[in-house]
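Asks: Dropping the structure in here first, questions after.
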Amino acid sequence: MSKSERVRLDAATMAALDRRRQVKDKIANSVIASGGIFVVGAIALIFFYLFYESWPLFQQAKFEETHRYQTDAHVQAAWTDMDEYNETGMRLLATGEVAFFRVSDGQKTGGQALPIPQGVTIASVQRSGVIQGLVGVGLSNGQLIVFKPDYIVDHQGEKRLITPTIRFPYGDQPLTVDDNVKALAHFALRDEDGQLQVLAATAQQLLWQTFKVQQAEGESAGLGGLSDESSDDSASSGDAPKVFTRATNMAMAMDGSAVSHIVIGQGARWAYVFTTENDVAVFKVSEQGPVLYQQSKADTAGAKITSVVALQGEISLLVGDSKGVVSQWFLVRDPNSVEDKFSLKRIRSFQLGDAAITAIAPEAKRKGFAAGDAKGDIGYFYTTSERTVGIHHAASSPISALSISARSEGVLVQAQDSASFWNLHAEHPDISMSSAWGKVWYESYDKPTYTWQSSSGNADFESKFSLVPLTFGTLKAAFFAMLLAAPLAICGAMYTAIFMSPALRTKVKPAIELMQALPTVILGFLAGLWLAPVVEGSLPGIFSVLLITPIIILICGFVWMQIPIEKRSRIPDGWAPIILIVPILLGGWASFALSQPMELAFFGGDIRHWLEHSAGLKFDQRNSLIVGLVMGFAVIAPIFSISEDALFAVPRHITNGSLALGATQWQTLVRVVLPTASPGIFSAVMIGFGRAVGETMIVLMATGNTPVMEWNIFEGMRTLSANVAVEMGEAEVGSTHFRVLFLSALVLFVLTFVLNTIAEVVRGRLRKKYGSL
């Protein structure tokens, strides 16, 4: 083969190789680009899914009219109700008849007359707590009729048939509250353990009356002391029930004003009496009867009180006034009082309009309510989140009665000239931006707080969905972890990259990097079951180690410098720190050995008692100190590895030039190497911080999961990630709790994204600043 042929062959071979290389480059570029796009797409999908599940929390609720029907003058009603399916309703007419009707068109389907004596009229109608469902009808002769609406649901194939009826749990004959009462206009009632408790007002005094139906031998007690069977019979029986009564006269200074509203609240432990002059008296109810607890002037900004009802749970009062404002009131404990002293305070207000409030209807299962005024306007509000869902004009006459269905899916509005049904679609009224991120004054709390408590065993529980304690706990756990991890990891990386011998570096660096392979669930398990009890039992020893270890290192360094250089040179360069291991271990052993004597000598034998009573620091076994130690240990490895790579990658000509100009190794490290490697070190710290923020298993098992907002290192916390892990399995799909957990996951996602973005911006500026070195 001639030389020219060999040249052509070599050229063809090179061209073929070049084409193969180009194909491989294109494939590699495509794979890498696809991988990057896939990662970005996956992150975007995670974000949009979390946003999709959280968005319904902030969607606008619907409150709109769907049915309207005119009513005649004789159909005017002071009370109305409907079933949970919004199909059948009932209203109490002025004639004493409870009329049943279809909600869809208002057509009357039946009725049942109350046992009102001849010549007697209805003086007032009052509901008991919304959960109990009792209705009391005060008569003009001073007697009382108590009934309970009931809806019998039957299914005939796929068709649902609802039959409305009313029951008389205390008999179908009127109960005599007091022989001297002419008209029972102002009263409150409640069933408590089979006893009907009535608080009524006369012209001269207040009466506390208790009714109990005599129970036949062998008969099981139902509502009001009657069995279920006898309760049904009592609806049609004409025999008056035998009752035991107890009357208690309660003195109350009314300054010539008359009683306007009475409410029994909080499981019949408290009673509230309002007068026409806005005086309010609070009575504490005991076995001996109510006792006047407090009397004051209601703060209504000069407006007259026109309506008062108890909110669901009977802890709060909803007070409507003549200026169209509905305010929430409840008893607040005085934090400065030695004894538990309570006072009735106005917490928050809702503006419906400028006309007097004439009707308020609380929800049966939530802390929301509907209100109507004298101009025919209605509105739906939620107390905890302070949300006004909707305000509409419902009638041209004053609203006389309101009713919210048991499932909170509809509101029945009764005015003097018309009636209407309003569809209510508010799935998550109990959450808002202010309740999620601001302080909320919850029922029975003495001040507004940031609180997370998603569930309770009580039916009247007020959900507390503040994300502030969870976000605070996340940052607190990450802070204490970084407080331990960042200095140790960066200082270790500095020594390993600059001062350690290459042979020792090849052993130390892989060993530390292997720490990343430890499962965090194992670390959390050891932290909760082993480390936490050890730290609790040797707390003085733990802090002694933190103080003694730096001192031992300084002493060893001083002694090392006193050794002649001839003897020091026998130890290979970079291996000197290995000598420190033995003194440090001896110092740690001595600290733990002297822990109990130090506790006896300085802390009276009980450091926990000393911390709580002398230092004012609450101590929990699983606390931030445990999280800082264990999560800091888990975060050391990634920070060390990335920092060491950044320091070791500093070009040698830069360090050699510094040393050649007369700088020491330490001066070269501080003034040359660290600035050059600062972008990588900063990235390492932010990656470690992001790892600490998103950690789940360690904080889940080692913190106690108490959502408190305290910087105390001896108290625990609850993080966003741990909260999702703990409560997601308990949350009902689609509920507010469920979606708030997704919202907390979204907050965690955004938090880590923002931190990484800030880290990238700072890293870019550092690289630009020191890249010319």
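Convention: chains lettered A, B, ... in structure tokens order; per-chain residue numbering from 1; ligands numbered from 1 as shown.
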Give me the residues near Leu161 in chain A as a PyMOL selection string, where near means some atom within 10 Å (using only C-alpha atoms) and where sequence neighbours in that chain fewer than 3 positions away do not count.

Replies: chain A and resi 87-88+151-156+158+164

Asks: Please determine, counting only C-alpha atoms, which residue among A:Ala677, A:Ala364, A:Leu292, A:Ala374 has the shortest atom-to-atom distance to Thr306 in chain A.

Replies: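 Nearest candidate to Thr306 in chain A out of A:Ala677, A:Ala364, A:Leu292, A:Ala374: A:Ala374.
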
Asks: Quick one, how far is CA of Ile378 in chain A from CA of Ile262 in chain A?

Replies: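 Answer for the CA of Ile378 in chain A to CA of Ile262 in chain A separation: 23.4 Å.
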
Asks: Which distance in Å separates CA of Ile522 in chain A and CA of Met701 in chain A, to one decimal?

Replies: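 About the pair CA of Ile522 in chain A and CA of Met701 in chain A: they are 9.9 Å apart.
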
Asks: Write out as a list in words the residues lying within 10 Å of Ile681 in chain A, counting only C-alpha atoms and excluding same-chain residues fewer than 2 positions away.

Replies: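 Contacts, with the query itself left out: Ala486, Ile490, Ala493, Ile639, Phe640, Ser641, Ile642, Ser643, Glu644, Asp645, Ala646, Leu647, Leu674, Pro675, Thr676, Ala677, Ser678, Pro679, Ser683, Ala684, Val685, Met686, Ile687 and Arg763 of chain A.
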
Asks: How close does range 657-717 of chain A get to range 443-463 of chain A? List, as a tab-separated table, each residue of range 657-717 of chain A within 9 Å, its nearest atom pair and the distance in Å to one decimal, counting only C-alpha atoms.

Replies:
```
residue	atom	partner	partner_atom	distance
A:Pro707	CA	A:Trp452	CA	6.4
A:Val708	CA	A:Thr451	CA	7.8
A:Met709	CA	A:Tyr450	CA	8.1
```

Asks: What does the file look like for those residues with C-alpha atoms, as a CSV table (one decimal), in the first residue's frame?

Replies:
```csv
chain,number,residue,atom,x,y,z
A,707,PRO,CA,-46.2,22.0,68.3
A,708,VAL,CA,-44.9,24.6,70.7
A,709,MET,CA,-43.2,27.9,69.8
```

Asks: Can you tell me, as a list in words, what residues are no more than 7 Å from range 426-432 of chain A when counting only C-alpha atoms, ignoring any on the same chain fewer than 6 positions away?

Replies: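 So the residues in contact are Leu57, Phe58, Ala61, Lys62, Tyr382, Thr384, Ser385, Arg387 and Thr736 of chain A.
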
Asks: Could those residues be written to a file, using C-alpha atoms, as a compact mmCIF listing (two decimals), in the first residue's frame?

Replies:
```txt
# COMPACT_ATOMS: atom_id res chain seq x y z
CA LEU A 57 -59.08 25.70 50.97
CA PHE A 58 -59.12 29.18 49.47
CA ALA A 61 -67.69 29.45 48.90
CA LYS A 62 -71.16 29.53 47.34
CA TYR A 382 -67.29 31.61 60.35
CA THR A 384 -62.45 30.92 63.91
CA SER A 385 -61.24 32.06 60.50
CA ARG A 387 -64.50 34.72 57.19
CA THR A 736 -60.11 20.53 55.81
```

Asks: Tell me, as a VMD selection string, which residues lie within 10 Å of Phe499 in chain A, counting only C-alpha atoms; anything in the same chain fewer than 6 positions away does not count.

Replies: chain A and resid 493 505 573 to 575 665 to 666 669

Asks: Counting only C-alpha atoms, what is within 10 Å of range 585-598 of chain A, bar same-chain residues fewer than 3 positions away, as a PyMOL selection string?

Replies: chain A and resi 537-549+551-552+580-582+601-607

Asks: Write a file of the selected residues as an mmCIF file, in the first residue's frame, keeping C-alpha atoms.

Replies:
```cif
data_model
loop_
_atom_site.group_PDB
_atom_site.id
_atom_site.type_symbol
_atom_site.label_atom_id
_atom_site.label_comp_id
_atom_site.auth_asym_id
_atom_site.auth_seq_id
_atom_site.Cartn_x
_atom_site.Cartn_y
_atom_site.Cartn_z
ATOM 1 C CA GLY A 537 -29.673 10.927 83.100
ATOM 2 C CA SER A 538 -26.314 12.597 82.374
ATOM 3 C CA LEU A 539 -27.216 16.172 81.476
ATOM 4 C CA PRO A 540 -24.324 17.748 83.441
ATOM 5 C CA GLY A 541 -21.941 15.348 81.702
ATOM 6 C CA ILE A 542 -23.234 16.368 78.262
ATOM 7 C CA PHE A 543 -22.541 20.044 78.887
ATOM 8 C CA SER A 544 -19.230 19.195 80.527
ATOM 9 C CA VAL A 545 -18.133 17.473 77.327
ATOM 10 C CA LEU A 546 -18.983 20.589 75.331
ATOM 11 C CA LEU A 547 -16.838 22.697 77.678
ATOM 12 C CA ILE A 548 -13.984 20.287 78.360
ATOM 13 C CA THR A 549 -13.320 19.115 74.800
ATOM 14 C CA ILE A 551 -9.971 22.942 76.624
ATOM 15 C CA ILE A 552 -8.384 19.510 76.118
ATOM 16 C CA LEU A 580 -5.942 13.866 70.150
ATOM 17 C CA ILE A 581 -8.375 10.943 70.030
ATOM 18 C CA VAL A 582 -7.197 9.411 73.304
ATOM 19 C CA ALA A 601 -23.061 19.437 94.143
ATOM 20 C CA PHE A 602 -24.464 22.188 91.931
ATOM 21 C CA PHE A 603 -28.101 21.312 91.191
ATOM 22 C CA GLY A 604 -29.416 19.772 94.402
ATOM 23 C CA GLY A 605 -29.416 16.269 92.966
ATOM 24 C CA ASP A 606 -32.097 17.001 90.342
ATOM 25 C CA ILE A 607 -31.093 19.129 87.381
#
```

Asks: What's the 8 Å shell around Val98 in chain A, counting only C-alpha atoms, without same-chain residues fewer than 6 positions away, as a list in words?

Replies: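 Near neighbours after the sequence-gap exclusion: Met90, Arg91, Leu92, Gly111, Gln112, Ala113 and Leu114 of chain A.
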
Asks: Deliver the residues from the most recent selection as a file, using N, CA, C and O atoms, as a CSV table (one decimal), in the first residue's frame.

Replies:
```csv
chain,number,residue,atom,x,y,z
A,90,MET,N,-90.0,22.2,58.6
A,90,MET,CA,-91.1,22.5,59.4
A,90,MET,C,-91.0,23.9,60.0
A,90,MET,O,-89.9,24.4,60.2
A,91,ARG,N,-92.1,24.5,60.3
A,91,ARG,CA,-92.1,25.8,60.9
A,91,ARG,C,-93.2,25.9,61.9
A,91,ARG,O,-94.3,25.2,61.8
A,92,LEU,N,-93.0,26.6,63.0
A,92,LEU,CA,-94.0,26.8,64.0
A,92,LEU,C,-94.8,28.1,63.8
A,92,LEU,O,-94.2,29.2,63.7
A,111,GLY,N,-98.9,18.5,59.2
A,111,GLY,CA,-98.7,19.3,60.4
A,111,GLY,C,-99.1,18.6,61.7
A,111,GLY,O,-99.7,17.5,61.7
A,112,GLN,N,-98.7,19.2,62.8
A,112,GLN,CA,-99.0,18.6,64.1
A,112,GLN,C,-99.2,19.7,65.1
A,112,GLN,O,-98.3,20.6,65.2
A,113,ALA,N,-100.3,19.7,65.8
A,113,ALA,CA,-100.6,20.8,66.7
A,113,ALA,C,-99.9,20.6,68.0
A,113,ALA,O,-99.8,19.5,68.6
A,114,LEU,N,-99.5,21.7,68.6
A,114,LEU,CA,-98.9,21.7,70.0
A,114,LEU,C,-100.1,21.7,71.0
A,114,LEU,O,-101.1,22.3,70.7
```

Asks: With only C-alpha atoms as the atoms that count, which of A:Ile579, A:Ala485, A:Ile498, A:Ala615 lies nearest to Ala649 in chain A?

Replies: A:Ile498

Asks: Check the smallest atom-to-atom distance from each of A:Asn278, A:Gly680, A:Ala503, A:Met728 to Arg767 in chain A using only C-alpha atoms, then report the winner.

Replies: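 Nearest candidate to Arg767 in chain A out of A:Asn278, A:Gly680, A:Ala503, A:Met728: A:Gly680.
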